[in-house]
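Below is the file coords_9.txt, which contains compact mmCIF, C-alpha atoms.
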# COMPACT_ATOMS: atom_id res chain seq x y z
CA MET A 1 28.07 -5.84 5.47
CA THR A 2 27.51 -9.18 7.04
CA ASP A 3 28.08 -12.51 5.34
CA ALA A 4 25.33 -15.10 5.42
CA ALA A 5 25.32 -16.60 8.89
CA GLU A 6 25.90 -20.32 9.16
CA ASP A 7 22.99 -20.90 11.47
CA GLU A 8 20.55 -19.81 8.80
CA PRO A 9 17.21 -21.37 9.73
CA GLU A 10 15.06 -23.37 7.37
CA ILE A 11 12.84 -20.65 5.97
CA ASP A 12 9.95 -21.49 3.72
CA LEU A 13 9.99 -18.78 1.06
CA ASP A 14 6.29 -19.33 0.31
CA GLY A 15 5.29 -19.21 3.97
CA PRO A 16 4.74 -16.33 6.40
CA PRO A 17 7.75 -14.01 5.97
CA GLN A 18 8.01 -12.62 9.52
CA PRO A 19 10.58 -15.25 10.72
CA MET A 20 12.80 -14.37 7.78
CA TYR A 21 12.50 -10.65 8.59
CA LYS A 22 13.66 -11.34 12.14
CA PHE A 23 16.56 -13.43 10.89
CA LEU A 24 17.63 -10.58 8.58
CA ARG A 25 17.38 -7.95 11.34
CA ASP A 26 19.42 -10.07 13.76
CA ASN A 27 22.05 -11.24 11.33
CA MET A 28 22.14 -9.12 8.17
CA PRO A 29 20.38 -5.81 8.86
CA VAL A 30 22.12 -4.29 5.83
CA MET A 31 22.89 -6.92 3.22
CA ALA A 32 24.35 -6.92 -0.27
CA VAL A 33 22.14 -9.06 -2.49
CA ASP A 34 23.55 -10.46 -5.71
CA HIS A 35 20.88 -12.73 -7.11
CA GLU A 36 19.88 -13.49 -10.71
CA LEU A 37 16.66 -11.54 -10.19
CA MET A 38 17.64 -9.07 -7.47
CA ASN A 39 20.65 -6.87 -7.12
CA GLY A 40 21.27 -4.22 -4.50
CA THR A 41 21.42 -3.67 -0.77
CA SER A 42 18.54 -4.77 1.43
CA VAL A 43 17.74 -2.81 4.58
CA ALA A 44 15.82 -4.46 7.42
CA LEU A 45 15.92 -2.20 10.49
CA HIS A 46 13.09 0.27 11.13
CA ASP A 47 15.46 3.19 11.73
CA ASP A 48 17.40 2.60 8.50
CA VAL A 49 14.18 2.15 6.53
CA MET A 50 12.86 5.49 7.82
CA THR A 51 16.18 7.18 6.99
CA VAL A 52 15.88 5.99 3.39
CA LEU A 53 12.21 6.90 2.98
CA ARG A 54 12.58 10.34 4.57
CA ASN A 55 15.60 11.43 2.51
CA PRO A 56 14.46 11.44 -1.10
CA ASP A 57 17.44 13.61 -2.14
CA LEU A 58 19.88 10.93 -1.04
CA PHE A 59 17.67 7.93 -1.83
CA SER A 60 15.84 8.74 -5.04
CA SER A 61 13.01 6.72 -6.46
CA ASN A 62 13.82 7.84 -10.01
CA GLY A 63 15.00 4.80 -11.95
CA ALA A 64 15.05 2.57 -8.89
CA ALA A 65 12.84 -0.12 -10.42
CA GLU A 66 12.69 -1.38 -14.00
CA ILE A 67 9.06 -2.19 -14.44
CA GLY A 68 8.59 -1.68 -18.16
CA GLN A 69 8.41 2.10 -18.15
CA ILE A 70 10.01 4.22 -20.88
CA ARG A 71 9.91 7.50 -18.92
CA PRO A 72 9.81 8.25 -15.19
CA LEU A 73 6.47 7.32 -13.68
CA ILE A 74 4.47 10.23 -12.26
CA PRO A 75 4.57 10.98 -9.35
CA LEU A 76 6.55 8.03 -7.93
CA GLU A 77 9.73 8.54 -9.94
CA ILE A 78 9.71 12.32 -9.79
CA ASP A 79 11.93 13.74 -7.07
CA PRO A 80 11.24 16.93 -5.12
CA PRO A 81 10.63 19.78 -5.88
CA ASP A 82 8.68 18.80 -9.03
CA HIS A 83 7.12 15.90 -7.15
CA SER A 84 4.95 18.14 -5.01
CA LYS A 85 3.43 19.84 -8.07
CA TYR A 86 2.06 16.52 -9.27
CA ARG A 87 0.98 15.47 -5.78
CA LYS A 88 -0.88 18.76 -5.45
CA LEU A 89 -2.88 17.72 -8.51
CA LEU A 90 -3.39 14.08 -7.52
CA ASP A 91 -3.80 14.21 -3.72
CA PRO A 92 -7.31 15.75 -3.77
CA LEU A 93 -8.55 12.95 -6.05
CA PHE A 94 -7.51 10.39 -3.44
CA SER A 95 -8.30 12.28 -0.23
CA PRO A 96 -10.38 10.45 2.38
CA ARG A 97 -13.27 12.82 1.69
CA ARG A 98 -13.22 12.14 -2.04
CA VAL A 99 -12.83 8.37 -1.81
CA ALA A 100 -15.71 8.20 0.69
CA GLU A 101 -18.00 8.83 -2.31
CA LEU A 102 -17.06 5.37 -3.54
CA ASP A 103 -18.39 3.63 -0.42
CA GLY A 104 -21.82 2.88 -1.91
CA PRO A 105 -20.70 1.66 -5.36
CA ALA A 106 -17.89 -0.40 -3.81
CA ARG A 107 -20.34 -2.04 -1.39
CA GLU A 108 -22.70 -2.91 -4.22
CA LEU A 109 -19.87 -4.40 -6.24
CA VAL A 110 -18.51 -6.56 -3.44
CA ASN A 111 -22.02 -7.79 -2.62
CA ASN A 112 -22.50 -8.84 -6.24
CA LEU A 113 -19.27 -10.81 -6.02
CA ILE A 114 -20.35 -12.42 -2.73
CA ASP A 115 -23.74 -13.30 -4.32
CA GLU A 116 -21.89 -15.38 -6.88
CA VAL A 117 -20.21 -17.64 -4.31
CA ILE A 118 -22.24 -17.55 -1.10
CA ASP A 119 -24.40 -20.60 -1.86
CA ASP A 120 -21.40 -22.72 -2.86
CA GLY A 121 -20.01 -23.01 0.67
CA SER A 122 -16.47 -22.52 -0.62
CA CYS A 123 -14.44 -20.46 -3.07
CA ASN A 124 -10.99 -19.42 -4.05
CA PHE A 125 -11.16 -16.03 -2.32
CA HIS A 126 -8.26 -14.63 -4.32
CA ASP A 127 -9.90 -15.42 -7.68
CA LYS A 128 -13.49 -14.61 -6.77
CA ILE A 129 -13.18 -11.56 -4.50
CA ALA A 130 -9.70 -10.20 -3.81
CA GLU A 131 -8.76 -9.85 -7.46
CA PRO A 132 -11.97 -8.73 -9.21
CA PHE A 133 -13.15 -6.31 -6.48
CA PRO A 134 -10.37 -3.69 -6.30
CA THR A 135 -9.49 -4.16 -9.94
CA THR A 136 -13.01 -3.29 -11.07
CA VAL A 137 -13.19 -0.27 -8.73
CA PHE A 138 -9.94 1.00 -10.14
CA LEU A 139 -10.62 0.43 -13.83
CA ARG A 140 -13.87 2.38 -13.46
CA MET A 141 -12.08 5.25 -11.71
CA LEU A 142 -9.31 5.43 -14.25
CA GLY A 143 -11.62 5.04 -17.24
CA LEU A 144 -10.49 1.71 -18.70
CA PRO A 145 -13.03 -0.83 -19.99
CA VAL A 146 -14.05 -3.09 -17.08
CA GLU A 147 -15.01 -5.93 -19.44
CA ARG A 148 -11.31 -6.34 -20.28
CA VAL A 149 -10.41 -6.89 -16.62
CA HIS A 150 -8.80 -10.30 -17.15
CA GLU A 151 -6.58 -8.99 -19.93
CA PHE A 152 -5.43 -6.15 -17.65
CA ILE A 153 -4.78 -8.51 -14.73
CA ASP A 154 -2.56 -10.61 -17.01
CA LEU A 155 -0.66 -7.50 -18.14
CA LYS A 156 -0.17 -6.37 -14.54
CA ASP A 157 1.07 -9.85 -13.56
CA GLY A 158 3.42 -9.74 -16.56
CA ILE A 159 5.16 -6.77 -14.95
CA ILE A 160 4.99 -7.77 -11.29
CA ARG A 161 5.57 -11.52 -11.61
CA PRO A 162 7.24 -12.21 -14.98
CA PRO A 163 8.21 -15.90 -15.38
CA ALA A 164 11.86 -14.95 -15.87
CA THR A 165 14.91 -16.92 -14.68
CA ASN A 166 17.41 -14.07 -14.77
CA SER A 167 17.58 -10.31 -14.63
CA ALA A 168 18.20 -9.67 -18.34
CA GLU A 169 15.27 -11.90 -19.28
CA ARG A 170 13.08 -10.13 -16.73
CA VAL A 171 13.92 -6.68 -18.11
CA GLU A 172 13.17 -7.89 -21.64
CA MET A 173 9.83 -9.42 -20.58
CA VAL A 174 8.63 -6.37 -18.69
CA LYS A 175 9.60 -4.14 -21.62
CA VAL A 176 7.33 -6.13 -23.96
CA THR A 177 4.47 -6.12 -21.46
CA GLY A 178 5.06 -2.46 -20.66
CA ALA A 179 4.61 -1.56 -24.33
CA LYS A 180 1.22 -3.31 -24.30
CA ILE A 181 0.14 -1.34 -21.22
CA TYR A 182 1.17 1.93 -22.86
CA ALA A 183 -0.88 0.95 -25.91
CA VAL A 184 -4.00 0.23 -23.81
CA LEU A 185 -3.65 3.56 -22.03
CA GLN A 186 -2.93 5.49 -25.22
CA GLU A 187 -6.08 4.05 -26.75
CA ALA A 188 -8.12 5.28 -23.76
CA ILE A 189 -6.43 8.70 -23.85
CA ASP A 190 -7.15 9.08 -27.57
CA GLU A 191 -10.82 8.26 -26.96
CA ARG A 192 -11.05 10.79 -24.11
CA LEU A 193 -9.36 13.47 -26.19
CA GLU A 194 -12.40 13.21 -28.47
CA ASP A 195 -15.00 12.57 -25.82
CA ARG A 196 -14.47 13.37 -22.12
CA GLN A 197 -16.06 11.05 -19.56
CA ASP A 198 -16.43 11.09 -15.78
CA ASP A 199 -13.08 9.41 -15.11
CA PHE A 200 -9.50 10.19 -14.11
CA ILE A 201 -8.06 10.08 -17.62
CA SER A 202 -10.52 12.79 -18.71
CA GLN A 203 -9.75 14.87 -15.61
CA PHE A 204 -6.00 14.58 -16.17
CA LEU A 205 -6.34 15.79 -19.74
CA ASP A 206 -7.88 19.03 -18.46
CA ALA A 207 -5.57 19.38 -15.44
CA GLU A 208 -2.84 21.95 -15.09
CA VAL A 209 0.47 21.78 -13.25
CA ASP A 210 2.36 25.04 -12.88
CA GLY A 211 -0.03 26.73 -15.28
CA HIS A 212 0.63 24.17 -18.01
CA ARG A 213 -1.77 21.55 -19.24
CA LEU A 214 -0.56 18.00 -18.68
CA THR A 215 0.67 16.55 -21.96
CA SER A 216 -0.65 13.30 -23.35
CA ASP A 217 2.68 11.71 -22.28
CA ASP A 218 2.22 13.01 -18.71
CA VAL A 219 -1.20 11.38 -18.56
CA LEU A 220 0.36 8.18 -19.90
CA ASP A 221 3.08 8.28 -17.21
CA ILE A 222 0.51 8.74 -14.45
CA GLY A 223 -1.72 6.04 -15.94
CA PHE A 224 1.10 3.49 -16.17
CA LEU A 225 1.87 3.86 -12.48
CA PHE A 226 -1.81 3.73 -11.54
CA PHE A 227 -2.27 0.62 -13.62
CA LEU A 228 0.40 -1.26 -11.68
CA ALA A 229 -0.33 0.22 -8.26
CA GLY A 230 -4.11 -0.03 -8.55
CA LEU A 231 -4.37 -3.56 -9.86
CA ASP A 232 -2.40 -5.54 -7.32
CA THR A 233 -1.87 -3.97 -3.93
CA VAL A 234 -5.39 -4.20 -2.50
CA THR A 235 -5.66 -7.73 -3.87
CA ALA A 236 -2.53 -8.68 -1.92
CA SER A 237 -3.87 -6.93 1.19
CA LEU A 238 -7.22 -8.75 1.05
CA ASP A 239 -5.46 -12.08 0.48
CA CYS A 240 -3.16 -11.58 3.47
CA MET A 241 -5.92 -10.35 5.78
CA PHE A 242 -8.43 -13.09 4.96
CA ALA A 243 -5.69 -15.72 5.28
CA HIS A 244 -4.91 -14.30 8.72
CA LEU A 245 -8.56 -14.12 9.84
CA ALA A 246 -9.36 -17.60 8.52
CA GLN A 247 -6.58 -18.94 10.75
CA ASN A 248 -7.46 -16.83 13.80
CA PRO A 249 -11.12 -17.58 14.58
CA GLU A 250 -11.25 -15.42 17.73
CA GLN A 251 -10.19 -12.34 15.81
CA ARG A 252 -12.54 -13.22 12.96
CA GLN A 253 -15.41 -13.55 15.45
CA ARG A 254 -14.53 -10.23 17.04
CA LEU A 255 -14.97 -8.48 13.68
CA VAL A 256 -18.32 -10.22 13.22
CA ASP A 257 -19.50 -9.20 16.70
CA THR A 258 -18.08 -5.66 16.71
CA PRO A 259 -17.75 -4.30 13.17
CA ASP A 260 -16.65 -0.96 14.67
CA ASP A 261 -13.31 -2.63 15.42
CA ILE A 262 -12.67 -3.33 11.73
CA PRO A 263 -10.71 -0.11 10.97
CA ALA A 264 -8.27 -0.72 13.85
CA ALA A 265 -7.99 -4.38 12.84
CA ILE A 266 -7.13 -3.31 9.29
CA GLU A 267 -4.32 -1.06 10.53
CA GLU A 268 -2.87 -3.83 12.67
CA MET A 269 -3.09 -6.40 9.89
CA LEU A 270 -1.47 -3.89 7.52
CA ARG A 271 1.40 -3.65 10.01
CA TRP A 272 1.76 -7.38 10.58
CA GLU A 273 1.23 -8.54 7.00
CA SER A 274 2.80 -5.58 5.17
CA PRO A 275 1.22 -6.74 1.90
CA VAL A 276 3.59 -4.52 -0.10
CA ALA A 277 6.64 -5.94 1.60
CA GLY A 278 9.38 -3.87 0.02
CA LEU A 279 10.18 -0.62 -1.78
CA VAL A 280 13.20 0.41 -3.83
CA ARG A 281 15.30 3.54 -4.02
CA VAL A 282 18.66 4.38 -5.59
CA ALA A 283 21.51 6.13 -3.73
CA THR A 284 22.40 9.46 -5.35
CA GLU A 285 25.72 9.77 -3.45
CA ASP A 286 28.11 7.55 -1.52
CA THR A 287 26.55 7.14 1.89
CA GLU A 288 26.10 4.64 4.71
CA LEU A 289 23.38 2.91 6.69
CA SER A 290 24.07 1.43 10.14
CA GLY A 291 27.77 1.86 9.38
CA CYS A 292 27.63 -0.09 6.10
CA PRO A 293 28.82 1.74 3.00
CA ILE A 294 26.24 2.35 0.28
CA PRO A 295 27.91 3.44 -2.96
CA LYS A 296 26.38 6.02 -5.28
CA GLY A 297 24.10 4.31 -7.80
CA GLU A 298 23.36 1.36 -5.51
CA THR A 299 19.80 0.06 -5.49
CA VAL A 300 18.49 0.11 -1.93
CA MET A 301 15.68 -2.33 -1.16
CA VAL A 302 13.85 -1.30 1.98
CA ASN A 303 12.13 -4.10 3.81
CA VAL A 304 8.84 -2.56 4.92
CA GLY A 305 7.62 -5.82 6.43
CA SER A 306 10.71 -6.06 8.59
CA ALA A 307 10.48 -2.41 9.69
CA ASN A 308 6.87 -3.03 10.71
CA THR A 309 7.89 -5.97 12.93
CA ASP A 310 11.20 -4.67 14.30
CA GLU A 311 11.38 -5.31 18.06
CA ARG A 312 13.85 -2.42 18.34
CA PHE A 313 10.94 -0.12 17.50
CA TRP A 314 7.73 -1.94 18.40
CA ASP A 315 6.43 -3.29 21.69
CA ASP A 316 5.57 -6.94 21.28
CA PRO A 317 5.63 -6.87 17.46
CA GLU A 318 4.91 -10.61 17.11
CA THR A 319 1.44 -10.20 18.62
CA VAL A 320 -1.31 -9.17 16.23
CA ASP A 321 -3.16 -6.83 18.60
CA PHE A 322 -6.27 -5.05 17.31
CA ASP A 323 -6.08 -2.79 20.41
CA ARG A 324 -2.50 -1.65 19.82
CA GLU A 325 -2.18 1.85 21.29
CA ILE A 326 0.79 3.03 19.26
CA ASN A 327 0.69 2.06 15.61
CA LYS A 328 2.99 4.04 13.33
CA HIS A 329 3.14 1.35 10.66
CA ILE A 330 4.56 2.19 7.27
CA ALA A 331 2.61 -0.34 5.20
CA PHE A 332 1.90 2.55 2.80
CA GLY A 333 5.51 3.69 2.86
CA GLY A 334 6.54 7.02 4.31
CA GLY A 335 8.06 10.33 3.40
CA VAL A 336 7.06 12.28 0.30
CA HIS A 337 6.11 9.18 -1.70
CA ARG A 338 3.59 7.89 0.84
CA CYS A 339 1.13 5.76 -1.12
CA LEU A 340 -1.19 8.10 -2.99
CA GLY A 341 -3.94 5.49 -2.98
CA SER A 342 -3.76 4.66 0.72
CA HIS A 343 -7.16 6.14 1.58
CA LEU A 344 -8.80 4.36 -1.34
CA ALA A 345 -7.12 1.13 -0.24
CA ARG A 346 -8.41 1.57 3.31
CA LEU A 347 -11.93 2.18 2.05
CA GLU A 348 -11.87 -0.93 -0.17
CA LEU A 349 -10.47 -3.08 2.63
CA ARG A 350 -13.07 -1.87 5.09
CA VAL A 351 -16.01 -2.28 2.72
CA CYS A 352 -14.94 -5.78 1.72
CA ILE A 353 -14.25 -6.95 5.29
CA GLU A 354 -17.51 -5.46 6.59
CA GLU A 355 -19.71 -6.93 3.89
CA TRP A 356 -18.04 -10.34 3.88
CA HIS A 357 -18.27 -10.77 7.66
CA ARG A 358 -21.87 -9.59 7.68
CA ARG A 359 -22.83 -12.24 5.14
CA VAL A 360 -20.28 -15.01 5.72
CA PRO A 361 -19.46 -14.73 9.42
CA THR A 362 -17.96 -18.18 9.86
CA TYR A 363 -15.30 -19.44 7.47
CA GLU A 364 -11.94 -21.14 7.57
CA LEU A 365 -9.20 -22.36 5.29
CA LYS A 366 -10.05 -25.44 3.26
CA PRO A 367 -8.88 -28.35 5.46
CA GLY A 368 -5.26 -29.24 4.79
CA LEU A 369 -4.54 -26.00 2.92
CA THR A 370 -1.28 -24.13 3.52
CA PRO A 371 -1.51 -20.56 2.21
CA ARG A 372 1.30 -19.75 -0.24
CA TYR A 373 2.47 -16.15 -0.31
CA THR A 374 4.20 -14.61 -3.31
CA MET A 375 7.27 -12.47 -2.66
CA GLY A 376 7.29 -8.68 -2.75
CA LEU A 377 3.63 -8.09 -3.42
CA ARG A 378 2.17 -10.76 -1.20
CA ASN A 379 -0.69 -12.45 -3.04
CA VAL A 380 -2.15 -15.75 -1.83
CA ASP A 381 -3.30 -17.38 -5.10
CA ASN A 382 -4.41 -20.60 -3.39
CA LEU A 383 -6.66 -18.99 -0.77
CA GLU A 384 -9.47 -21.58 -0.71
CA LEU A 385 -12.02 -20.72 1.97
CA VAL A 386 -14.90 -22.93 3.18
CA TRP A 387 -17.97 -21.92 5.22
CA MET B 388 -1.96 20.73 26.91
CA LYS B 389 -0.73 22.00 23.55
CA VAL B 390 -0.58 20.06 20.32
CA THR B 391 1.30 21.09 17.18
CA LEU B 392 1.32 19.44 13.78
CA ASP B 393 4.40 20.02 11.65
CA ARG B 394 2.99 20.59 8.17
CA ASP B 395 6.43 20.03 6.60
CA ARG B 396 6.68 16.56 8.10
CA CYS B 397 3.05 15.61 7.46
CA GLN B 398 2.69 13.34 4.41
CA GLY B 399 -1.07 12.90 4.50
CA HIS B 400 -1.32 9.43 6.05
CA GLY B 401 -4.54 10.75 7.56
CA ARG B 402 -4.35 8.84 10.81
CA CYS B 403 -4.71 11.84 13.14
CA TYR B 404 -7.96 13.28 11.86
CA VAL B 405 -9.53 9.84 11.49
CA LEU B 406 -8.63 8.75 15.02
CA ALA B 407 -8.99 12.13 16.75
CA PRO B 408 -11.50 14.24 14.80
CA THR B 409 -12.05 16.60 17.73
CA VAL B 410 -8.40 17.68 17.57
CA PHE B 411 -7.32 17.33 13.93
CA GLU B 412 -8.91 18.04 10.60
CA SER B 413 -8.11 17.24 6.98
CA ASP B 414 -7.43 19.83 4.30
CA ASP B 415 -8.76 19.28 0.76
CA ASP B 416 -5.64 17.30 -0.16
CA GLY B 417 -5.95 14.92 2.80
CA TYR B 418 -3.16 16.45 4.91
CA GLY B 419 -3.83 17.13 8.57
CA PHE B 420 -3.95 20.30 10.65
CA THR B 421 -4.90 21.10 14.22
CA ILE B 422 -8.33 22.60 14.87
CA ASP B 423 -7.00 24.35 17.98
CA GLU B 424 -3.49 24.00 19.38
CA ASP B 425 -4.86 24.32 22.90
CA VAL B 426 -6.42 20.97 23.68
CA SER B 427 -9.38 20.79 26.01
CA ALA B 428 -9.21 18.36 28.91
CA GLU B 429 -11.73 16.02 27.32
CA SER B 430 -9.74 15.84 24.07
CA GLU B 431 -6.36 15.04 25.62
CA THR B 432 -6.68 11.29 25.12
CA ALA B 433 -7.65 11.88 21.51
CA ALA B 434 -4.66 14.17 20.94
CA HIS B 435 -2.34 11.45 22.23
CA LYS B 436 -4.01 8.90 20.01
CA GLY B 437 -3.34 11.09 16.99
CA ALA B 438 0.30 11.59 17.92
CA ASN B 439 0.81 7.89 18.69
CA ASN B 440 -0.39 6.88 15.27
CA CYS B 441 1.44 9.39 13.06
CA PRO B 442 3.97 7.45 10.96
CA GLU B 443 5.91 10.64 10.25
CA ASP B 444 6.22 11.77 13.90
CA ALA B 445 4.75 15.10 12.79
CA ILE B 446 2.65 15.71 15.91
CA LEU B 447 4.16 17.14 19.07
CA ILE B 448 2.37 17.33 22.38
CA THR B 449 3.53 19.65 25.13
CA GLU B 450 2.00 19.25 28.54
CA SER B 451 1.34 22.66 30.03
CA THR B 452 2.84 23.27 33.44
CA THR B 453 0.10 25.49 34.77

Could the structure of this file be written out as C-alpha cells, please?
Amino acid sequence: MTDAAEDEPEIDLDGPPQPMYKFLRDNMPVMAVDHELMNGTSVALHDDVMTVLRNPDLFSSNGAAEIGQIRPLIPLEIDPPDHSKYRKLLDPLFSPRRVAELDGPARELVNNLIDEVIDDGSCNFHDKIAEPFPTTVFLRMLGLPVERVHEFIDLKDGIIRPPATNSAERVEMVKVTGAKIYAVLQEAIDERLEDRQDDFISQFLDAEVDGHRLTSDDVLDIGFLFFLAGLDTVTASLDCMFAHLAQNPEQRQRLVDTPDDIPAAIEEMLRWESPVAGLVRVATEDTELSGCPIPKGETVMVNVGSANTDERFWDDPETVDFDREINKHIAFGGGVHRCLGSHLARLELRVCIEEWHRRVPTYELKPGLTPRYTMGLRNVDNLELVW
Amino acid sequence: MKVTLDRDRCQGHGRCYVLAPTVFESDDDGYGFTIDEDVSAESETAAHKGANNCPEDAILITESTT
C-alpha cells in the first residue's frame, strides 16, 4: 500500500470529488484508511473495483456496513446462492416494465411540487423537489404513511449521516435510529397482516421463496434495506444532476430543446456524478488487489465514482459527453448486487428532468452559491436555484 | 453478424434492450436476452450499441466472415 504522497493537492472535501478520485488513482489506488469514522481499504481503479463487485464469494456484502441492522438485510447482505432466491422474488417488482406503470403518478406528483415553487422564481431544489419527490413515490410503493415523510427522512438521515465524531459513537447512534425504523416497519407489517393493501409490504407477506412464505422478520429485513435505499439515492442523484445542469447552460438548453436526449444525458451524468460514490464489501479470505495484500475480514471500500472516471478505462472521462458511444458506467454497482431499484431510479430521474425542463427551462444557481456535496451519498443540501 | 448474451453474466442493468430493442428483449425479471442471434444488416449498429453499454460485458459480437 502507498503512503500519503507529499504533493497532496488542496482538495475541498465539500466540492466536486472528481479531482480527489484522480489523485487517489494516481497515488494511492489501494489505500489503507484508518480514520475515526472509516476503517478499511479503499479501492480506486476501475479494474480492481470490478474484481471486487464480480466476486461476491471473495468480497461478501454480508456484514460489510453497520447501518443499524440487527440481521442481514435482504437481499443486499445475502450471499449467493440464497441471494438469487430473493432477487427472483424482488426483481419482477422493479423491472422496467413494472416501474413504467408509475410514470403517470410520478409525473403528477412532480408537477404538484413544481406548482408550489414555480411562481417564486427561486427555491431550494433539494428541499422542495429532490427530497419530497422520490421519497413520496417510495413510501407509497412500500406502504408507509406518506404524511409522515419528514419523520422518515430524519430517520434515514440518522443512519446515513449521523452527527458522530467517532466510530463507536456512530455505531451507537445508528443502532438507536435503526430500532426506530424497525418499529415503524413492524407497525406497518402488523397492520397489513390484518388488512392487505395494494403495496409491497402486503405483497411480501403473501410471497414465497423456495416454497416457504416469507416470515414477518424477512419482510422487516427487506423493508429496512428499502427504507434506506429508497429514501436517499434518487435525492442525491437529482441534486447532483441539477447542480451540474445549472452550471452548464448549453447542456441544460439541449435538454430543453431535445427532450429525447434526456435518457442518454441521465446515463452520462450518472457516470460523471456517481451519486452513490462508494460501496462496501468484506474480504472472506486473504487476497490481494493490484498487488496489495487484503487480509481476511478487511472492509473493502470500492470507489464507484473513481471507477467511473478512470482514464485507464474510459476515453476522455473528464468530459461530460451526452453522446458518449461506450458507457458501461457502474453508478448502480455491478455483479449480483446490482441496484435492485435502478430502473425505478431511472424512471424518477427522467420524469423529474422532463417535467422540470418543460416548465422551468431557464434556471441557474443562485448568484454566488457554491454547491456543497456530502460524502458517500452525494446530496447537495444548499442547492438554491433561481429562474 | 452474430450476437450472444451470456445469461450468467447478465445482472439486469437493462441497457441492451432499452438501447437496442430490435436486437434484445427483457424477460419478466428485467434481465436481457437476444431476440435472434443472427443480426440483420440494419440492426448491426444497434447490436453494437447494446454491447458497448453493458456494464457486465455480457454481450459478445462475432462478425461473420461470409

Query raised in the report: Using all atoms listed in the file, which of A:Tyr373, A:Phe133, A:Phe322, A:Phe227 sits nearest Arg252 of chain A?
Result: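 For Arg252 of chain A, the nearest of the candidates is A:Phe322.
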
Quick one: everything within 7 Å of segment 427-441 of chain B, counting all atoms listed in the file, minus sequence neighbours fewer than 6 positions away in the same chain. Send it as a PDB file with C-alpha atoms, in the frame of the given file.
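Produced file around_3.pdb, reproduced below:
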ATOM      1  CA  ILE A 326       0.790   3.030  19.260  1.00  0.00           C
ATOM      2  CA  ASN A 327       0.690   2.060  15.610  1.00  0.00           C
ATOM      3  CA  LYS A 328       2.990   4.040  13.330  1.00  0.00           C
TER       4      LYS A 328
ATOM      5  CA  ARG B 402      -4.350   8.840  10.810  1.00  0.00           C
ATOM      6  CA  CYS B 403      -4.710  11.840  13.140  1.00  0.00           C
ATOM      7  CA  LEU B 406      -8.630   8.750  15.020  1.00  0.00           C
ATOM      8  CA  ALA B 407      -8.990  12.130  16.750  1.00  0.00           C
ATOM      9  CA  THR B 409     -12.050  16.600  17.730  1.00  0.00           C
ATOM     10  CA  VAL B 410      -8.400  17.680  17.570  1.00  0.00           C
ATOM     11  CA  LEU B 447       4.160  17.140  19.070  1.00  0.00           C
TER      12      LEU B 447
END

Kindly determine which residues of chain A lie within 10 Å of chain B, considering only C-alpha atoms, and give the answer as a PDB file with C-alpha atoms, keeping the file's coordinate frame.
ATOM      1  CA  MET A  50      12.860   5.490   7.820  1.00  0.00           C
ATOM      2  CA  ARG A  54      12.580  10.340   4.570  1.00  0.00           C
ATOM      3  CA  ARG A  87       0.980  15.470  -5.780  1.00  0.00           C
ATOM      4  CA  LYS A  88      -0.880  18.760  -5.450  1.00  0.00           C
ATOM      5  CA  LEU A  89      -2.880  17.720  -8.510  1.00  0.00           C
ATOM      6  CA  LEU A  90      -3.390  14.080  -7.520  1.00  0.00           C
ATOM      7  CA  ASP A  91      -3.800  14.210  -3.720  1.00  0.00           C
ATOM      8  CA  PRO A  92      -7.310  15.750  -3.770  1.00  0.00           C
ATOM      9  CA  LEU A  93      -8.550  12.950  -6.050  1.00  0.00           C
ATOM     10  CA  PHE A  94      -7.510  10.390  -3.440  1.00  0.00           C
ATOM     11  CA  SER A  95      -8.300  12.280  -0.230  1.00  0.00           C
ATOM     12  CA  PRO A  96     -10.380  10.450   2.380  1.00  0.00           C
ATOM     13  CA  ARG A  97     -13.270  12.820   1.690  1.00  0.00           C
ATOM     14  CA  ARG A  98     -13.220  12.140  -2.040  1.00  0.00           C
ATOM     15  CA  PRO A 263     -10.710  -0.110  10.970  1.00  0.00           C
ATOM     16  CA  ALA A 264      -8.270  -0.720  13.850  1.00  0.00           C
ATOM     17  CA  GLU A 267      -4.320  -1.060  10.530  1.00  0.00           C
ATOM     18  CA  ARG A 324      -2.500  -1.650  19.820  1.00  0.00           C
ATOM     19  CA  GLU A 325      -2.180   1.850  21.290  1.00  0.00           C
ATOM     20  CA  ILE A 326       0.790   3.030  19.260  1.00  0.00           C
ATOM     21  CA  ASN A 327       0.690   2.060  15.610  1.00  0.00           C
ATOM     22  CA  LYS A 328       2.990   4.040  13.330  1.00  0.00           C
ATOM     23  CA  HIS A 329       3.140   1.350  10.660  1.00  0.00           C
ATOM     24  CA  ILE A 330       4.560   2.190   7.270  1.00  0.00           C
ATOM     25  CA  ALA A 331       2.610  -0.340   5.200  1.00  0.00           C
ATOM     26  CA  PHE A 332       1.900   2.550   2.800  1.00  0.00           C
ATOM     27  CA  GLY A 333       5.510   3.690   2.860  1.00  0.00           C
ATOM     28  CA  GLY A 334       6.540   7.020   4.310  1.00  0.00           C
ATOM     29  CA  GLY A 335       8.060  10.330   3.400  1.00  0.00           C
ATOM     30  CA  VAL A 336       7.060  12.280   0.300  1.00  0.00           C
ATOM     31  CA  HIS A 337       6.110   9.180  -1.700  1.00  0.00           C
ATOM     32  CA  ARG A 338       3.590   7.890   0.840  1.00  0.00           C
ATOM     33  CA  CYS A 339       1.130   5.760  -1.120  1.00  0.00           C
ATOM     34  CA  LEU A 340      -1.190   8.100  -2.990  1.00  0.00           C
ATOM     35  CA  SER A 342      -3.760   4.660   0.720  1.00  0.00           C
ATOM     36  CA  HIS A 343      -7.160   6.140   1.580  1.00  0.00           C
TER      37      HIS A 343
END

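Comparing the minimum interatomic distances between Arg140 of chain A and each of A:Pro75, A:Gly158, A:Pro163, A:Pro105, counting only C-alpha atoms, we find that A:Pro105 sits nearest.
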
Report as a tab-separated table: every residue of segment 22-109 of chain A with an atom at most 10 Å from segment 283-300 of chain A, its closest pair of atoms, and their distance in Å to one decimal, counting all atoms listed in the file, with rows sorted by chain and ascending residue number.
residue	atom	partner	partner_atom	distance
A:Pro29	CA	A:Ser290	CA	8.2
A:Val30	CA	A:Cys292	CA	6.9
A:Met31	CA	A:Cys292	CA	8.8
A:Ala32	CA	A:Val300	CA	9.3
A:Val33	CA	A:Thr299	CA	9.9
A:Met38	CA	A:Thr299	CA	9.6
A:Asn39	CA	A:Thr299	CA	7.2
A:Gly40	CA	A:Thr299	CA	4.6
A:Thr41	CA	A:Val300	CA	4.9
A:Ser42	CA	A:Val300	CA	5.9
A:Val43	CA	A:Val300	CA	7.2
A:Leu45	CA	A:Ser290	CA	8.9
A:Asp47	CA	A:Ser290	CA	8.9
A:Asp48	CA	A:Leu289	CA	6.3
A:Val49	CA	A:Leu289	CA	9.2
A:Thr51	CA	A:Leu289	CA	8.4
A:Val52	CA	A:Val300	CA	8.3
A:Pro56	CA	A:Ala283	CA	9.2
A:Asp57	CA	A:Thr284	CA	7.2
A:Leu58	CA	A:Thr284	CA	5.2
A:Phe59	CA	A:Ala283	CA	4.6
A:Ser60	CA	A:Ala283	CA	6.4
A:Ser61	CA	A:Ala283	CA	8.9
A:Asn62	CA	A:Thr284	CA	9.9
A:Gly63	CA	A:Thr299	CA	9.3
A:Ala64	CA	A:Thr299	CA	6.4
A:Ala65	CA	A:Thr299	CA	8.5
